[in-house]
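**Student:** Contents are compact mmCIF, C-alpha atoms; file name upload.txt:
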```txt
# COMPACT_ATOMS: atom_id res chain seq x y z
CA MET G 155 58.92 55.68 111.27
CA PRO G 156 56.53 58.38 112.48
CA GLU G 157 57.14 59.95 115.84
CA LEU G 158 54.79 59.24 118.73
CA GLY G 159 52.95 62.53 118.28
CA GLU G 160 52.29 61.77 114.61
CA LEU G 161 50.75 58.30 114.87
CA VAL G 162 47.25 59.69 114.66
CA LYS G 163 45.97 62.23 112.18
CA ILE G 164 43.33 64.59 113.52
CA GLU G 165 41.36 66.57 111.02
CA ILE G 166 39.00 69.25 112.26
CA THR G 167 35.91 69.57 110.06
CA LYS G 168 34.07 72.07 112.25
CA PRO G 169 36.50 74.33 114.11
CA LEU G 170 35.60 76.74 116.86
CA PRO G 171 34.64 80.26 115.83
CA ALA G 172 37.12 83.03 116.58
CA THR G 173 34.77 84.68 119.06
CA GLY G 174 32.02 83.49 121.35
CA ALA G 175 30.05 84.10 124.52
CA ILE G 176 30.26 82.55 127.98
CA ASP G 177 27.84 79.76 128.88
CA THR G 178 27.28 78.92 125.24
CA THR G 179 28.05 75.42 123.97
CA TYR G 180 30.30 75.19 120.94
CA LYS G 181 30.91 71.94 119.09
CA ILE G 182 34.23 70.83 117.66
CA GLU G 183 33.80 68.16 115.00
CA GLY G 184 36.42 66.20 113.15
CA THR G 185 37.85 62.82 112.28
CA VAL G 186 40.68 60.88 113.79
CA LYS G 187 42.66 58.30 111.81
CA MET G 188 45.54 56.05 112.82
CA PHE G 189 48.57 55.59 110.59
CA ASP G 190 50.07 52.13 110.20
CA ALA G 191 48.26 50.85 113.21
CA VAL G 192 45.40 48.56 114.07
CA GLY G 193 43.22 48.34 117.11
CA ALA G 194 40.72 50.48 118.89
CA PRO G 195 40.46 54.10 117.83
CA PRO G 196 42.37 56.48 120.05
CA TRP G 197 40.74 58.64 122.68
CA VAL G 198 40.43 62.29 121.81
CA TYR G 199 40.35 65.26 124.10
CA ALA G 200 40.13 68.98 123.55
CA GLU G 201 42.96 70.54 125.52
CA VAL G 202 41.65 73.94 126.58
CA ARG G 203 44.16 76.54 127.70
CA ARG G 204 42.78 79.68 129.25
CA LYS G 205 45.20 82.42 128.32
CA GLU G 206 45.86 85.16 130.82
CA TRP G 207 48.62 87.50 129.77
CA TRP G 208 50.12 87.86 133.22
CA LYS G 209 50.44 84.11 133.77
CA PRO G 210 53.38 82.12 132.43
CA GLU G 211 52.34 79.10 130.37
CA PHE G 212 53.23 76.52 132.99
CA ILE G 213 50.63 77.82 135.44
CA GLU G 214 47.90 78.44 132.91
CA GLU G 215 44.48 76.97 133.56
CA VAL G 216 44.29 73.84 131.39
CA SER G 217 41.28 71.56 131.14
CA TYR G 218 40.35 68.59 129.00
CA LYS G 219 37.02 67.87 127.31
CA ARG G 220 36.54 64.36 126.13
CA GLY G 221 35.36 63.34 122.68
CA PHE G 222 33.98 60.00 121.55
CA PRO G 223 35.30 58.82 118.18
CA ILE G 224 33.02 56.48 116.26
CA PRO G 225 34.80 53.19 115.38
CA VAL G 226 35.74 52.74 111.69
CA SER G 227 34.84 56.29 110.58
CA GLY G 228 36.73 57.95 113.43
CA ASP G 229 34.27 60.87 113.44
CA PHE G 230 34.11 62.68 116.76
CA SER G 231 32.57 65.73 118.33
CA ILE G 232 33.50 67.56 121.52
CA ASP G 233 31.37 70.09 123.34
CA PHE G 234 33.12 73.18 124.68
CA LYS G 235 31.20 75.49 127.00
CA PRO G 236 33.42 78.30 128.27
CA GLU G 237 32.40 79.67 131.65
CA LYS G 238 34.84 82.55 131.95
CA GLU G 239 35.51 85.60 129.88
CA SER G 240 38.99 85.13 128.40
CA ASP G 241 41.10 84.12 125.43
CA TYR G 242 41.35 80.38 124.91
CA GLU G 243 43.60 78.13 122.89
CA VAL G 244 42.03 74.79 122.07
CA THR G 245 43.88 71.83 120.58
CA VAL G 246 42.41 68.40 119.95
CA ILE G 247 44.79 65.68 121.02
CA ALA G 248 44.68 61.89 120.75
CA THR G 249 45.88 59.40 123.30
CA PRO G 250 45.78 55.57 123.25
CA ALA G 251 44.17 55.13 126.65
CA PRO G 252 41.21 56.65 128.48
CA LEU G 253 42.13 58.83 131.41
CA SER G 254 40.05 59.88 134.31
CA LEU G 255 39.23 63.58 134.32
CA PRO G 256 40.28 66.04 135.46
CA VAL G 257 43.87 65.29 134.68
CA VAL G 258 47.02 67.30 134.96
CA GLY G 259 48.06 66.24 131.51
CA VAL G 260 47.34 63.59 128.92
CA PHE G 261 50.20 61.29 128.09
CA PRO G 262 51.28 59.91 125.71
CA ILE G 263 49.97 62.13 122.94
CA THR G 264 49.73 60.29 119.63
CA GLY G 265 48.25 63.07 117.54
CA LYS G 266 47.49 66.74 117.66
CA SER G 267 45.25 69.04 115.65
CA ASP G 268 46.02 72.61 114.71
CA MET G 269 45.43 74.97 117.61
CA MET G 270 42.23 77.04 117.54
CA LYS G 271 42.11 80.46 119.20
CA MET G 272 38.87 81.74 120.61
CA ARG G 273 37.99 84.93 122.46
CA ILE G 274 35.10 84.56 124.88
CA SER G 275 33.22 87.61 126.08
CA GLU G 276 30.14 88.36 128.14
CA LYS G 277 26.95 86.83 126.89
CA PRO G 278 25.15 89.55 124.95
CA GLU G 279 21.59 90.28 125.96
CA GLY G 280 19.02 89.55 123.34
CA GLN G 281 17.15 92.39 121.70
CA PHE G 282 13.42 92.18 121.20
CA LEU G 283 12.23 94.52 118.48
CA ASP G 284 8.87 95.54 117.13
CA LEU G 285 6.72 93.40 119.45
CA LYS G 286 3.13 93.71 118.29
CA ILE G 287 -0.15 91.88 118.01
CA VAL G 288 -0.66 91.43 114.29
CA SER G 289 -4.07 89.79 114.21
CA TYR G 290 -6.88 88.22 116.21
CA HIS G 291 -9.91 86.26 115.21
CA LYS G 292 -12.62 84.04 116.59
CA ILE G 293 -12.08 80.34 115.99
CA MET E 92 -18.71 92.33 110.12
CA VAL E 93 -15.19 90.98 109.73
CA THR E 94 -14.13 87.68 111.27
CA LYS E 95 -10.37 88.27 111.37
CA VAL E 96 -8.70 91.54 112.20
CA ASN E 97 -5.27 92.43 110.93
CA LEU E 98 -3.86 95.09 113.21
CA ALA E 99 -1.26 96.04 110.63
CA VAL E 100 -4.04 97.77 108.68
CA PRO E 101 -6.48 100.40 110.05
CA PRO E 102 -8.34 98.72 112.89
CA GLU E 103 -11.59 96.96 112.37
CA ARG E 104 -13.56 94.93 114.86
CA ILE E 105 -14.48 91.30 114.84
CA ALA E 106 -18.09 90.32 115.33
CA PRO E 107 -19.22 90.39 118.98
CA VAL E 108 -18.20 87.29 120.90
CA MET E 109 -19.94 85.32 123.62
CA PRO E 110 -18.55 83.76 126.79
CA GLY E 111 -17.08 80.40 125.79
CA ASP E 112 -15.96 81.58 122.37
CA THR E 113 -12.24 81.32 121.59
CA ILE E 114 -10.21 84.19 120.19
CA ARG E 115 -6.89 83.38 118.53
CA VAL E 116 -4.31 86.16 118.93
CA ILE E 117 -1.07 86.24 116.94
CA THR E 118 1.84 88.27 118.32
CA GLU E 119 5.05 88.80 116.40
CA PHE E 120 8.48 90.25 117.08
CA ASP E 121 12.03 90.36 115.81
CA TYR E 122 14.84 88.95 117.94
CA ILE E 123 18.63 89.34 117.79
CA GLY E 124 20.75 87.51 120.37
CA PRO E 125 21.68 84.21 121.91
CA LYS E 126 19.24 81.38 122.26
CA LEU E 127 16.77 81.60 125.11
CA ASP E 128 14.91 78.66 126.55
CA LEU E 129 11.54 78.83 128.24
CA ALA E 130 10.61 82.38 127.35
CA ARG E 131 6.94 83.04 128.06
CA MET E 132 4.48 85.05 126.02
CA ILE E 133 1.29 86.18 127.64
CA THR E 134 -1.72 87.69 125.92
CA ALA E 135 -4.73 89.11 127.72
CA ILE E 136 -8.11 90.71 127.12
CA TRP E 137 -8.47 93.84 129.22
CA ARG E 138 -10.63 96.87 129.71
CA PRO E 139 -10.09 100.07 131.68
CA THR E 140 -11.69 100.36 135.09
CA LEU E 141 -11.50 102.99 137.80
CA LEU E 142 -9.05 100.95 139.84
CA ASP E 143 -6.99 99.45 137.04
CA PRO E 144 -6.52 101.09 133.65
CA HIS E 145 -5.70 97.67 132.15
CA ASN E 146 -7.89 95.29 134.09
CA GLU E 147 -7.45 91.79 132.65
CA ILE E 148 -10.48 89.54 132.37
CA VAL E 149 -8.61 86.59 130.88
CA ARG E 150 -4.99 85.75 130.19
CA GLY E 151 -3.35 83.01 128.12
CA GLU E 152 0.30 82.04 127.90
CA ASN E 153 2.66 80.08 125.73
CA VAL E 154 6.17 78.96 126.74
CA PHE E 155 8.57 78.84 123.82
CA ASN E 156 12.27 78.55 122.98
CA ILE E 157 14.13 81.11 120.92
CA PRO E 158 17.03 79.72 118.84
CA ASP E 159 20.40 81.43 118.43
CA SER E 160 19.70 84.51 116.33
CA PRO E 161 22.82 86.36 115.19
CA PRO E 162 22.32 89.63 113.29
CA PRO E 163 20.16 90.36 111.36
CA GLY E 164 18.09 88.22 113.74
CA GLN E 165 14.85 86.50 112.98
CA HIS E 166 11.15 87.11 112.91
CA LEU E 167 9.13 85.07 115.39
CA SER E 168 5.42 84.55 115.86
CA VAL E 169 3.52 83.24 118.88
CA THR E 170 -0.14 82.20 118.83
CA ILE E 171 -2.30 82.19 121.94
CA ASP E 172 -5.96 81.15 122.22
CA LEU E 173 -8.13 82.96 124.75
CA VAL E 174 -11.44 81.53 125.91
CA VAL E 175 -13.81 84.43 126.50
CA PRO E 176 -14.98 84.36 130.14
CA GLU E 177 -18.26 85.46 131.63
CA ALA E 178 -18.01 89.24 131.50
CA ASP E 179 -20.03 92.42 131.42
CA TRP E 180 -21.70 93.18 128.12
CA ARG E 181 -19.36 95.88 126.85
CA THR E 182 -17.74 97.06 123.66
CA ASP E 183 -14.45 98.37 124.98
CA TYR E 184 -12.37 95.26 125.56
CA GLY E 185 -8.79 95.42 124.30
CA LEU E 186 -5.76 93.19 123.88
CA TYR E 187 -2.11 93.28 124.80
CA SER E 188 0.81 90.84 124.85
CA SER E 189 4.00 90.66 126.84
CA ILE E 190 7.19 88.58 126.82
CA ARG E 191 8.22 87.35 130.27
CA ASP E 192 10.97 85.16 131.74
CA VAL E 193 13.73 86.62 129.57
CA PRO E 194 16.83 88.52 130.76
CA GLY E 195 16.00 92.12 131.57
CA PRO E 196 12.61 93.73 132.04
CA ASP E 197 9.39 92.32 130.62
CA ILE E 198 8.59 93.53 127.11
CA TYR E 199 5.12 94.80 126.23
CA THR E 200 3.15 95.52 123.10
CA ASP E 201 0.95 98.57 123.07
CA TYR E 202 -2.31 98.20 124.95
CA TYR E 203 -4.74 97.99 122.03
CA PRO E 204 -8.08 99.43 123.19
CA ASN E 205 -11.65 98.95 121.93
CA LEU E 206 -11.15 95.85 119.82
CA ILE E 207 -13.67 93.36 121.14
CA THR E 208 -17.33 93.39 122.09
CA ILE E 209 -18.33 90.70 124.55
CA MET E 210 -22.02 89.93 124.74
CA GLY E 211 -23.18 88.64 128.08
CA GLU E 212 -25.65 85.83 128.44
CA PRO E 213 -29.19 86.78 127.28
CA LEU E 214 -30.75 88.65 130.15
CA PHE E 215 -34.49 88.48 130.94
CA THR E 216 -35.62 91.03 133.47
CA ASN E 217 -38.83 92.58 134.70
CA LEU E 218 -40.94 89.57 133.80
CA ARG E 219 -44.50 90.13 135.00
CA ILE E 220 -48.15 89.82 133.97
CA THR E 221 -49.30 93.28 133.11
CA SER E 222 -53.03 92.63 132.60
CA TYR E 223 -55.67 90.01 132.23
CA THR E 224 -59.12 90.27 130.59
CA LYS E 225 -62.24 88.16 130.07
CA GLN E 226 -62.65 87.29 126.36
```
Do you think you could lay out the structure here as structure tokens?

**Tutor:**
Amino acid sequence: MPELGELVKIEITKPLPATGAIDTTYKIEGTVKMFDAVGAPPWVYAEVRRKEWWKPEFIEEVSYKRGFPIPVSGDFSIDFKPEKESDYEVTVIATPAPLSLPVVGVFPITGKSDMMKMRISEKPEGQFLDLKIVSYHKI
Amino acid sequence: MVTKVNLAVPPERIAPVMPGDTIRVITEFDYIGPKLDLARMITAIWRPTLLDPHNEIVRGENVFNIPDSPPPGQHLSVTIDLVVPEADWRTDYGLYSSIRDVPGPDIYTDYYPNLITIMGEPLFTNLRITSYTKQ
């Protein structure tokens, strides 16, 4: 008999990159499948932990981004748009019921993906190089 | 007289243009960086005057989006059509382009001088009867 946290298998097909920039939208894609169970697909959320070295884990900033699994295939995608410069740990979790956001926690958890670490830094300024008029003609 | 000028090769001039003609200007650049929405390219015909060394007689613009461009970046091209306005009949009109509405200062091409001749409307002056005789 699988434990509660193993009822749902979450496979990440497009993980987050290791580094990124603030105010940029990153997409997590994957599939969610239920073991030995029938019924509606579970709800998936990305649990986003903002890591600050001086804060103990229990007071870390945690937020949840909701994903929408497609029935039958279980494919889902979740948008993650970090707004602060920091290290983040992101885990996709599954739960049997929708929850209003924001929430303090999601319970019960019926599946969990591997955790993805991401370092977010300042948005780099773009560089424009070699701007020139290359041609002109009468039309 | 050439009809299209490639500024990558030694400069030539297009045939003189008239008010109402359209000149198509192609500006290119390389970009490395995050995506930018609603950047604006402007291109103008100008000529030097006493008050303004780059006095614009007409300006066109094109709003465009730049996709995410991680290193090595990408090469982008923007086309702008300029309708030649009523202007003095001169041979020293130039072109320049600039990228606006992006983070940081505006970015300019060189001011390219002496590229375009604009012919004014045909001008009839000093019309008079100079003599009359019995045949």

**Student:** What is the CA of Thr167 (chain G) to CA of Ser267 (chain G) distance in Å?

**Tutor:**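 We find that CA of Thr167 (chain G) and CA of Ser267 (chain G) lie 10.9 Å from each other.
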
**Student:** What does the structure give for the distance between CA of Pro158 (chain E) and CA of Arg131 (chain E), in Å to one decimal?

**Tutor:**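 It comes out at 14.1 Å.
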
**Student:** Have a look at G:Glu276, G:Asp268, G:Glu206, G:Glu183 and name the one nearest to Lys168 (chain G); count only C-alpha atoms.

**Tutor:**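 Among the listed residues, G:Glu183 lies closest to Lys168 (chain G).
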
**Student:** So which residues touch region 176-190 of chain E within 6 Å, counting only C-alpha atoms, skipping near sequence neighbours fewer than 3 positions away, as a PyMOL selection string?

**Tutor:** chain E and resi 110+131-138+197-200+202-211

**Student:** Could those residues be written to a file, using C-alpha atoms, as a PDB file, in the coordinates of the input?

**Tutor:**
```
ATOM      1  CA  PRO E 110     -18.550  83.760 126.790  1.00  0.00           C
ATOM      2  CA  ARG E 131       6.940  83.040 128.060  1.00  0.00           C
ATOM      3  CA  MET E 132       4.480  85.050 126.020  1.00  0.00           C
ATOM      4  CA  ILE E 133       1.290  86.180 127.640  1.00  0.00           C
ATOM      5  CA  THR E 134      -1.720  87.690 125.920  1.00  0.00           C
ATOM      6  CA  ALA E 135      -4.730  89.110 127.720  1.00  0.00           C
ATOM      7  CA  ILE E 136      -8.110  90.710 127.120  1.00  0.00           C
ATOM      8  CA  TRP E 137      -8.470  93.840 129.220  1.00  0.00           C
ATOM      9  CA  ARG E 138     -10.630  96.870 129.710  1.00  0.00           C
ATOM     10  CA  ASP E 197       9.390  92.320 130.620  1.00  0.00           C
ATOM     11  CA  ILE E 198       8.590  93.530 127.110  1.00  0.00           C
ATOM     12  CA  TYR E 199       5.120  94.800 126.230  1.00  0.00           C
ATOM     13  CA  THR E 200       3.150  95.520 123.100  1.00  0.00           C
ATOM     14  CA  TYR E 202      -2.310  98.200 124.950  1.00  0.00           C
ATOM     15  CA  TYR E 203      -4.740  97.990 122.030  1.00  0.00           C
ATOM     16  CA  PRO E 204      -8.080  99.430 123.190  1.00  0.00           C
ATOM     17  CA  ASN E 205     -11.650  98.950 121.930  1.00  0.00           C
ATOM     18  CA  LEU E 206     -11.150  95.850 119.820  1.00  0.00           C
ATOM     19  CA  ILE E 207     -13.670  93.360 121.140  1.00  0.00           C
ATOM     20  CA  THR E 208     -17.330  93.390 122.090  1.00  0.00           C
ATOM     21  CA  ILE E 209     -18.330  90.700 124.550  1.00  0.00           C
ATOM     22  CA  MET E 210     -22.020  89.930 124.740  1.00  0.00           C
ATOM     23  CA  GLY E 211     -23.180  88.640 128.080  1.00  0.00           C
TER      24      GLY E 211
END
```

**Student:** Could the residues of chain E that have an atom at most 9 Å from chain G be listed as a tab-separated table, each with its closest atom pair and the distance in Å to one decimal, counting all atoms listed in the file and ordered by chain and ascending residue number?

**Tutor:**
```
residue	atom	partner	partner_atom	distance
E:Val93	CA	G:His291	CA	9.0
E:Thr94	CA	G:His291	CA	5.9
E:Lys95	CA	G:His291	CA	4.4
E:Val96	CA	G:Ser289	CA	5.3
E:Asn97	CA	G:Ser289	CA	4.4
E:Leu98	CA	G:Val288	CA	5.0
E:Ala99	CA	G:Val288	CA	5.9
E:Ile105	CA	G:His291	CA	6.8
E:Ala106	CA	G:Lys292	CA	8.4
E:Val108	CA	G:Lys292	CA	7.8
E:Asp112	CA	G:Lys292	CA	7.1
E:Thr113	CA	G:Ile293	CA	5.7
E:Ile114	CA	G:Lys292	CA	4.3
E:Arg115	CA	G:His291	CA	5.3
E:Val116	CA	G:Tyr290	CA	4.3
E:Ile117	CA	G:Ser289	CA	5.4
E:Thr118	CA	G:Ile287	CA	4.1
E:Glu119	CA	G:Lys286	CA	5.6
E:Phe120	CA	G:Leu285	CA	4.3
E:Asp121	CA	G:Leu283	CA	4.9
E:Tyr122	CA	G:Phe282	CA	4.8
E:Ile123	CA	G:Gln281	CA	5.2
E:Gly124	CA	G:Gly280	CA	4.0
E:Pro125	CA	G:Gly280	CA	6.1
E:Lys126	CA	G:Gly280	CA	8.2
E:Leu127	CA	G:Gly280	CA	8.4
E:Ser160	CA	G:Gly280	CA	8.7
E:Asp172	CA	G:Ile293	CA	8.8
E:Leu186	CA	G:Ile287	CA	8.2
E:Tyr187	CA	G:Ile287	CA	7.2
E:Ser188	CA	G:Ile287	CA	7.0
E:Ser189	CA	G:Leu285	CA	8.3
E:Ile190	CA	G:Leu285	CA	8.8
E:Val193	CA	G:Gly280	CA	8.7
E:Pro194	CA	G:Glu279	CA	7.0
E:Gly195	CA	G:Glu279	CA	8.1
E:Ile198	CA	G:Phe282	CA	7.8
E:Tyr199	CA	G:Leu285	CA	7.1
E:Thr200	CA	G:Lys286	CA	5.1
E:Asp201	CA	G:Lys286	CA	7.2
E:Tyr203	CA	G:Ile287	CA	8.6
```

**Student:** Distance CA of Gly184 (chain G)-CA of Tyr199 (chain G), one decimal place?

**Tutor:** 11.7 Å

**Student:** List as a list of chain:residue names the protein and nucleic acid residues near Lys235 (chain G), meaning an atom at most 7 Å away when only C-alpha atoms are counted, but skip any in the same chain fewer than 4 places from it.

**Tutor:**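 My list of contacting residues is G:Asp177, G:Thr178, G:Thr179, G:Tyr180.
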